[in-house]
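Enquirer: Just model-v6.txt, nothing more (compact mmCIF, C-alpha atoms):
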```txt
# COMPACT_ATOMS: atom_id res chain seq x y z
CA MET L 1 5.04 20.77 18.62
CA ALA L 2 2.50 17.97 18.34
CA SER L 3 5.25 15.35 18.60
CA ASP L 4 6.28 16.78 21.98
CA ALA L 5 2.70 16.48 23.22
CA TYR L 6 2.54 12.86 22.08
CA GLU L 7 5.79 12.11 23.89
CA GLN L 8 4.29 13.54 27.08
CA CYS L 9 1.31 11.21 26.60
CA LEU L 10 3.65 8.26 26.17
CA ASN L 11 5.47 9.16 29.38
CA ILE L 12 2.12 8.75 31.14
CA ASP L 13 1.00 5.68 29.19
CA PRO L 14 3.84 4.00 27.22
CA ASP L 15 1.36 1.58 25.61
CA SER L 16 -0.95 4.27 24.22
CA ARG L 17 -1.40 3.21 20.61
CA ASN L 18 -3.02 6.48 19.60
CA ALA L 19 -0.20 8.62 20.99
CA GLY L 20 2.52 6.27 19.73
CA GLN L 21 1.31 6.13 16.14
CA ASN L 22 0.39 9.82 15.96
CA ARG L 23 3.89 10.64 17.17
CA LEU L 24 5.41 8.60 14.34
CA LEU L 25 3.13 10.27 11.80
CA ALA L 26 3.98 13.74 13.09
CA MET L 27 7.70 13.02 12.98
CA ASN L 28 7.49 12.48 9.21
CA TYR L 29 6.53 16.14 8.79
CA ILE L 30 9.46 17.57 10.74
CA ASP L 31 12.31 15.06 10.37
CA LYS L 32 14.47 15.45 7.25
CA GLY L 33 15.76 11.89 7.34
CA HIS L 34 19.40 12.88 7.66
CA ASP L 35 19.93 10.53 10.61
CA ASP L 36 18.35 7.38 12.06
CA LYS L 37 16.08 9.14 14.57
CA LEU L 38 12.93 8.48 12.55
CA PHE L 39 13.86 4.86 11.82
CA GLU L 40 14.72 4.22 15.46
CA ALA L 41 11.39 5.65 16.61
CA HIS L 42 9.53 3.28 14.27
CA ARG L 43 11.75 0.35 15.28
CA ASP L 44 11.19 0.95 19.00
CA TRP L 45 7.43 1.29 18.51
CA GLY L 46 7.38 -1.92 16.48
CA ARG L 47 9.28 -3.90 19.10
CA ARG L 48 6.83 -2.91 21.81
CA PHE L 49 3.78 -3.44 19.60
CA MET L 50 4.84 -6.91 18.43
CA THR L 51 4.77 -8.21 22.00
CA LEU L 52 1.00 -7.68 22.07
CA PHE L 53 0.35 -10.26 19.33
CA SER L 54 1.24 -13.88 18.62
CA GLN L 55 2.63 -14.57 15.16
CA TYR L 56 1.55 -17.37 12.83
CA THR L 57 4.44 -19.40 11.43
CA SER L 58 2.68 -21.66 8.91
CA TRP L 59 -0.03 -21.11 6.32
CA ASP L 60 -2.54 -23.43 4.65
CA THR L 61 -2.01 -22.22 1.09
CA LEU L 62 -2.03 -24.28 -2.07
CA LYS L 63 1.36 -25.25 -3.49
CA ASP L 64 0.16 -25.35 -7.11
CA PRO L 65 2.30 -22.79 -9.04
CA GLU L 66 -0.33 -22.59 -11.84
CA ARG L 67 -3.19 -21.39 -9.61
CA PRO L 68 -4.26 -17.73 -9.39
CA LEU L 69 -2.73 -15.96 -6.41
CA VAL L 70 -5.11 -14.90 -3.65
CA ILE L 71 -4.34 -11.26 -2.80
CA GLY L 72 -6.10 -9.31 -0.06
CA TYR L 73 -6.23 -5.54 0.38
CA VAL L 74 -7.11 -3.96 3.73
CA SER L 75 -8.04 -0.29 4.14
CA PRO L 76 -10.48 1.94 6.06
CA ASP L 77 -10.37 4.43 3.18
CA TYR L 78 -12.52 2.84 0.48
CA PHE L 79 -14.79 5.86 0.43
CA THR L 80 -14.28 9.52 -0.46
CA HIS L 81 -10.58 10.24 -0.65
CA SER L 82 -10.03 12.63 -3.53
CA ALA L 83 -9.41 9.90 -6.13
CA ASP L 84 -11.41 7.00 -4.60
CA ALA L 85 -14.89 5.80 -5.44
CA LYS L 86 -17.60 5.77 -2.80
CA THR L 87 -17.74 2.57 -0.74
CA ASN L 88 -20.76 0.94 -2.35
CA ARG L 89 -19.60 1.64 -5.88
CA PHE L 90 -16.15 0.28 -5.11
CA ARG L 91 -17.58 -2.81 -3.40
CA ASP L 92 -19.86 -3.53 -6.37
CA LYS L 93 -16.90 -3.26 -8.72
CA VAL L 94 -14.91 -5.76 -6.62
CA LEU L 95 -17.80 -8.23 -6.52
CA LYS L 96 -18.51 -7.86 -10.24
CA LYS L 97 -14.90 -8.84 -10.99
CA GLY L 98 -15.28 -12.00 -8.93
CA GLY L 99 -13.62 -10.73 -5.77
CA VAL L 100 -14.71 -11.08 -2.15
CA TRP L 101 -15.65 -8.17 0.11
CA ARG L 102 -15.27 -8.35 3.90
CA ASP L 103 -16.57 -5.54 6.11
CA ILE L 104 -14.19 -5.56 9.09
CA TYR L 105 -15.04 -2.21 10.67
CA GLY L 106 -14.96 -2.52 14.46
CA ILE L 107 -13.75 -6.13 14.44
CA ASP L 108 -10.83 -7.03 16.72
CA GLU L 109 -7.56 -7.24 14.80
CA LYS L 110 -6.78 -10.76 15.98
CA LYS L 111 -10.17 -11.85 14.64
CA VAL L 112 -9.43 -10.09 11.34
CA ALA L 113 -6.15 -12.04 11.16
CA SER L 114 -8.17 -15.25 11.56
CA MET L 115 -10.45 -14.13 8.71
CA VAL L 116 -7.41 -13.61 6.50
CA ARG L 117 -6.31 -17.17 7.19
CA GLU L 118 -9.80 -18.53 6.55
CA ASP L 119 -9.74 -16.82 3.14
CA LYS L 120 -6.31 -18.36 2.49
CA ILE L 121 -4.81 -15.00 1.52
CA GLU L 122 -1.30 -15.46 0.09
CA ILE L 123 -0.28 -11.82 -0.35
CA LEU L 124 -1.79 -9.36 2.14
CA VAL L 125 -1.54 -5.64 1.33
CA GLU L 126 -2.43 -3.01 3.90
CA LEU L 127 -3.02 0.55 2.67
CA THR L 128 -2.93 2.63 5.85
CA GLY L 129 0.37 2.47 7.75
CA HIS L 130 0.30 4.56 10.91
CA THR L 131 -2.68 6.68 9.85
CA ALA L 132 -6.19 6.52 11.32
CA ASN L 133 -8.11 3.25 11.76
CA ASN L 134 -5.23 1.06 10.62
CA LYS L 135 -5.08 -2.70 11.12
CA LEU L 136 -1.36 -3.02 11.86
CA GLY L 137 -2.27 -5.35 14.72
CA MET L 138 -3.57 -7.76 12.10
CA MET L 139 -0.28 -7.43 10.21
CA ALA L 140 1.67 -8.05 13.41
CA CYS L 141 0.01 -11.50 13.62
CA ARG L 142 1.41 -12.36 10.16
CA PRO L 143 -1.73 -14.12 8.92
CA ALA L 144 -0.37 -14.30 5.35
CA PRO L 145 2.98 -15.67 4.13
CA VAL L 146 3.77 -12.45 2.20
CA GLN L 147 2.78 -9.07 3.63
CA VAL L 148 3.02 -5.65 2.00
CA THR L 149 2.34 -2.02 2.87
CA TRP L 150 1.42 0.57 0.22
CA ILE L 151 0.05 4.08 -0.38
CA GLY L 152 -1.17 5.15 3.06
CA TYR L 153 2.12 5.95 4.81
CA PRO L 154 5.40 7.38 3.47
CA ASN L 155 7.78 5.48 5.72
CA THR L 156 8.62 2.14 7.28
CA THR L 157 5.95 0.68 9.56
CA GLY L 158 8.55 -0.63 12.01
CA LEU L 159 7.00 -4.10 11.88
CA PRO L 160 9.28 -7.04 10.98
CA THR L 161 6.19 -8.98 9.85
CA ILE L 162 5.76 -6.70 6.81
CA ASP L 163 8.05 -7.81 4.01
CA TYR L 164 7.69 -5.15 1.32
CA ARG L 165 6.73 -1.50 0.90
CA ILE L 166 5.63 -0.45 -2.58
CA SER L 167 7.03 2.90 -3.64
CA ASP L 168 8.75 4.56 -6.60
CA SER L 169 11.95 6.43 -7.37
CA LEU L 170 10.37 9.81 -6.59
CA ALA L 171 8.85 8.97 -3.21
CA ASP L 172 11.93 6.93 -2.25
CA GLN L 173 14.96 8.00 -4.24
CA PRO L 174 17.36 5.16 -5.11
CA ASP L 175 20.26 6.79 -3.26
CA THR L 176 18.33 7.30 -0.02
CA LYS L 177 20.20 6.38 3.15
CA GLN L 178 17.02 6.09 5.17
CA ASN L 179 16.67 2.71 6.86
CA GLN L 180 13.56 0.55 6.40
CA PHE L 181 12.25 -2.66 7.91
CA GLU L 182 10.59 -3.58 4.63
CA VAL L 183 12.24 -4.21 1.28
CA ILE L 184 11.25 -1.30 -0.98
CA ASP L 185 9.74 -2.49 -4.24
CA ILE L 186 10.21 0.28 -6.80
CA PHE L 187 6.98 0.01 -8.73
CA SER L 188 4.53 2.89 -8.41
CA PHE L 189 3.57 4.72 -5.25
CA LEU L 190 0.45 6.34 -6.72
CA CYS L 191 -1.57 5.38 -9.79
CA TYR L 192 -3.64 8.49 -10.43
CA THR L 193 -7.10 8.28 -11.99
CA PRO L 194 -8.97 11.59 -12.38
CA SER L 195 -12.20 11.79 -10.42
CA PRO L 196 -15.35 11.76 -12.57
CA GLU L 197 -16.53 14.66 -10.39
CA ALA L 198 -13.60 16.86 -11.37
CA GLY L 199 -15.31 18.21 -14.45
CA PRO L 200 -13.68 19.14 -17.76
CA ILE L 201 -10.21 20.66 -18.00
CA CYS L 202 -10.55 24.42 -18.30
CA PRO L 203 -8.11 27.08 -19.51
CA THR L 204 -5.77 28.25 -16.76
CA PRO L 205 -7.48 31.05 -14.76
CA ALA L 206 -4.34 33.18 -15.12
CA LEU L 207 -5.33 33.89 -18.74
CA SER L 208 -8.46 35.76 -17.66
CA ASN L 209 -7.35 36.90 -14.19
CA GLY L 210 -4.05 38.37 -15.26
CA PHE L 211 -2.22 36.80 -12.32
CA VAL L 212 -1.05 33.37 -11.18
CA THR L 213 -2.87 31.60 -8.34
CA PHE L 214 -0.94 29.00 -6.34
CA GLY L 215 -2.92 26.45 -4.32
CA SER L 216 -2.46 23.87 -1.58
CA PHE L 217 -5.28 21.71 -0.21
CA ASN L 218 -2.90 19.74 2.00
CA ASN L 219 -3.11 18.76 5.65
CA LEU L 220 -1.92 21.79 7.63
CA ALA L 221 0.51 19.62 9.59
CA LYS L 222 2.52 19.13 6.39
CA ILE L 223 2.98 22.87 5.91
CA THR L 224 6.07 23.42 8.05
CA PRO L 225 7.80 26.76 8.73
CA GLU L 226 10.36 25.83 6.08
CA VAL L 227 7.59 25.26 3.52
CA LEU L 228 6.03 28.63 4.36
CA ARG L 229 9.37 30.37 3.87
CA VAL L 230 9.69 28.86 0.39
CA TRP L 231 6.09 29.74 -0.50
CA ALA L 232 6.49 33.34 0.62
CA LYS L 233 9.69 33.65 -1.39
CA ILE L 234 7.98 32.33 -4.52
CA LEU L 235 4.91 34.54 -4.20
CA CYS L 236 7.01 37.62 -3.53
CA ALA L 237 8.98 36.85 -6.71
CA VAL L 238 5.82 36.52 -8.86
CA PRO L 239 4.09 39.92 -9.11
CA ASN L 240 0.39 40.00 -8.12
CA SER L 241 0.28 36.25 -7.56
CA ARG L 242 -2.10 34.80 -4.98
CA LEU L 243 -2.25 31.77 -2.70
CA VAL L 244 -5.34 29.66 -1.97
CA GLY L 245 -5.15 27.22 0.92
CA LYS L 246 -7.86 24.78 2.03
CA CYS L 247 -7.92 22.47 5.04
CA LYS L 248 -10.02 21.70 8.13
CA PRO L 249 -8.22 24.03 10.60
CA PHE L 250 -9.05 27.08 8.46
CA CYS L 251 -12.61 26.94 9.79
CA CYS L 252 -11.12 28.39 12.99
CA ASN L 253 -10.46 32.14 13.10
CA SER L 254 -7.39 31.76 15.32
CA GLY L 255 -5.92 29.12 12.99
CA ARG L 256 -6.39 31.33 9.93
CA GLN L 257 -4.94 34.36 11.69
CA ARG L 258 -1.88 32.47 12.88
CA PHE L 259 -1.23 31.27 9.32
CA LEU L 260 -1.65 34.75 7.84
CA THR L 261 0.51 36.37 10.52
CA THR L 262 3.34 33.95 9.77
CA LEU L 263 3.19 34.79 6.06
CA GLU L 264 3.11 38.53 6.79
CA GLN L 265 6.25 38.13 8.90
CA LEU L 266 7.84 36.53 5.85
CA GLY L 267 6.96 39.54 3.71
CA LEU L 268 3.73 38.40 2.05
CA GLU L 269 0.63 40.59 2.42
CA SER L 270 -2.38 38.75 3.85
CA GLN L 271 -4.60 40.33 1.16
CA ARG L 272 -2.95 38.00 -1.36
CA VAL L 273 -4.02 34.86 0.53
CA ASP L 274 -7.42 33.12 0.55
CA LEU L 275 -7.98 30.41 3.18
CA LEU L 276 -10.88 27.97 2.78
CA PRO L 277 -12.25 25.49 5.35
CA LEU L 278 -13.17 21.87 4.70
CA ILE L 279 -15.57 21.46 1.78
CA LEU L 280 -17.85 18.48 2.38
CA LEU L 281 -18.96 17.50 -1.11
CA ASN L 282 -16.30 15.97 -3.35
CA GLN L 283 -17.63 17.78 -6.42
CA ASP L 284 -17.40 21.15 -4.65
CA HIS L 285 -13.89 20.27 -3.46
CA MET L 286 -12.83 19.61 -7.05
CA GLN L 287 -14.33 22.86 -8.29
CA ALA L 288 -12.56 24.87 -5.59
```
Kindly return the structure encoded in the file as structure tokens.
Expert:
Amino acid sequence: MASDAYEQCLNIDPDSRNAGQNRLLAMNYIDKGHDDKLFEAHRDWGRRFMTLFSQYTSWDTLKDPERPLVIGYVSPDYFTHSADAKTNRFRDKVLKKGGVWRDIYGIDEKKVASMVREDKIEILVELTGHTANNKLGMMACRPAPVQVTWIGYPNTTGLPTIDYRISDSLADQPDTKQNQFEVIDIFSFLCYTPSPEAGPICPTPALSNGFVTFGSFNNLAKITPEVLRVWAKILCAVPNSRLVGKCKPFCCNSGRQRFLTTLEQLGLESQRVDLLPLILLNQDHMQA
């Protein structure tokens, strides 16, 4: 498993940020949350990571309760995620509404923390968690008096400097026993806005095809053996149904064959499965 490989990397270099955070991300796909293993892994990573940064303990923010709050959002993903606008269009929208845009790509996280303080941010929201190009080092400095994580990661960050994690009752069920460093604010994990490139809603293809087509355009790492067993069971129970999968690894012949072989072993014929590689243009992705 990928998590085992990351642990081997950490045995060689315990401070490897790439291996440490990728291990945490991978564990979300395989751990069912029935014990504290996942929480403890995030806690231990956070303890080690926090020692690399000094924390601010006071903030030069206005004490006037009638003033507008200054809220900052930090993300490397203001571009072409399925429901996001392209960077320039998004930036123009922010500026038109009277906001401020800071391009922090490639800037040291401690410097970014200083920029947050210069802008007198009162609530700082990071949108990445342990996924690629995050600025958790900035959050570890606690440059803002209230710090929040949202959208980009489905679990605790492990950082005691992050106060809240925005979620909802579906992503984090009220009776969950999973431990968190942050206080979970049950608001809304995702606010979906259809992409303008999606095109009009069409009649379901099953009406003309005569069969149901199931689809998953998810990251292959999320499709665990348990998920494949459930999928195979569903498709075998629905006569003539098909499965369409799309992700980056399906550009590789060996990756496609391994996926198909697993489904065949579960009783699903490979002829009922179509596997598509990454589609570069967002419009083409939507039409797929």
Enquirer: Kindly provide the residues of stretch 134-169 of chain L that approach stretch 69-76 of chain L to within 12 Å, each paired with its closest atom pair and their distance in Å to one decimal, based on all atoms listed in the file, listed by chain and increasing number, as CSV.
Expert:
```
residue,atom,partner,partner_atom,distance
L:Asn134,CA,L:Pro76,CA,7.0
L:Lys135,CA,L:Val74,CA,7.8
L:Leu136,CA,L:Val74,CA,10.0
L:Met138,CA,L:Val74,CA,9.9
L:Met139,CA,L:Val74,CA,10.0
L:Pro143,CA,L:Gly72,CA,11.1
L:Ala144,CA,L:Gly72,CA,9.3
L:Pro145,CA,L:Ile71,CA,11.0
L:Val146,CA,L:Ile71,CA,9.6
L:Gln147,CA,L:Gly72,CA,9.6
L:Val148,CA,L:Tyr73,CA,9.4
L:Thr149,CA,L:Tyr73,CA,9.6
L:Trp150,CA,L:Tyr73,CA,9.8
L:Ile151,CA,L:Ser75,CA,10.2
L:Gly152,CA,L:Ser75,CA,8.8
L:Tyr153,CA,L:Ser75,CA,11.9
```
Enquirer: Quick one: distance from atom CA of L:Gly210 to atom CA of L:Leu275 in Å, one decimal?
Expert: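 Distance between the two atoms: 20.5 Å.
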Enquirer: Which protein, DNA or RNA residues have an atom at most 6 Å from (7.1, 13.9, 18.6), counting all atoms listed in the file? List them as a list in words.
Expert: Ser3, Asp4, Tyr6, Glu7, Arg23 and Met27 of chain L
Enquirer: Grab the atom CA of L:Leu127 to atom CA of L:Asp35 distance for me, in Å with one decimal place.
Expert: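 So the two atoms, atom CA of L:Leu127 and atom CA of L:Asp35, lie 26.3 Å apart.
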Enquirer: Using all atoms listed in the file for the distances, tell me which of L:Val183, L:Ala206, L:Ala2, L:Leu266 is nearest to L:Gly20.
Expert: L:Ala2
Enquirer: May I ask which of the residues L:Asn22, L:Ser208, L:Ser58, L:Asn240 is the closest one to L:Glu269, counting only C-alpha atoms?
Expert: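 Among L:Asn22, L:Ser208, L:Ser58, L:Asn240, it is L:Asn240 that comes nearest to L:Glu269.
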Enquirer: What's the separation between atom CA of L:Leu276 and atom CA of L:Gly255, in Å to one decimal place?
Expert: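 The value is 11.4 Å.
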Enquirer: Could you name the residues that touch L:Arg47 at 9 Å or less, counting only C-alpha atoms, but leaving out those on the same chain fewer than 5 positions away, as a list of chain:residue names?
Expert: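 Residues meeting the cut-off are L:His42, L:Gly158, L:Leu159, L:Pro160.
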Enquirer: Which residue is closest to L:Phe259? Choose from L:Arg91, L:Arg229, L:Lys32, L:Arg43 and count all atoms listed in the file.
Expert: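 Closest to L:Phe259, using all atoms listed in the file: L:Arg229.
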Enquirer: Have a look at L:Ile166, L:Val238, L:Leu278, L:Val230 and name the one nearest to L:Leu263; count only C-alpha atoms.
Expert: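 So, comparing all the options, the nearest one is L:Val230.
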Enquirer: Would you mind telling me which residue in L:Arg242, L:Lys110, L:Arg165, L:Lys120 lies nearest to L:Cys141 when using only C-alpha atoms?
Expert: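 Under the stated criterion, the closest residue is L:Lys110.
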Enquirer: For L:Ser54, which residue out of L:Ile107, L:Val125, L:Ala5, L:Ala140 is the nearest one, using only C-alpha atoms?
Expert: L:Ala140
Enquirer: Give me the residues near L:Ala237 as a PyMOL selection string, where near means some atom within 12 Å (using all atoms listed in the file) and where sequence neighbours in that chain fewer than 5 positions away do not count.
Expert: chain L and resi 212+230-232+242+267-268
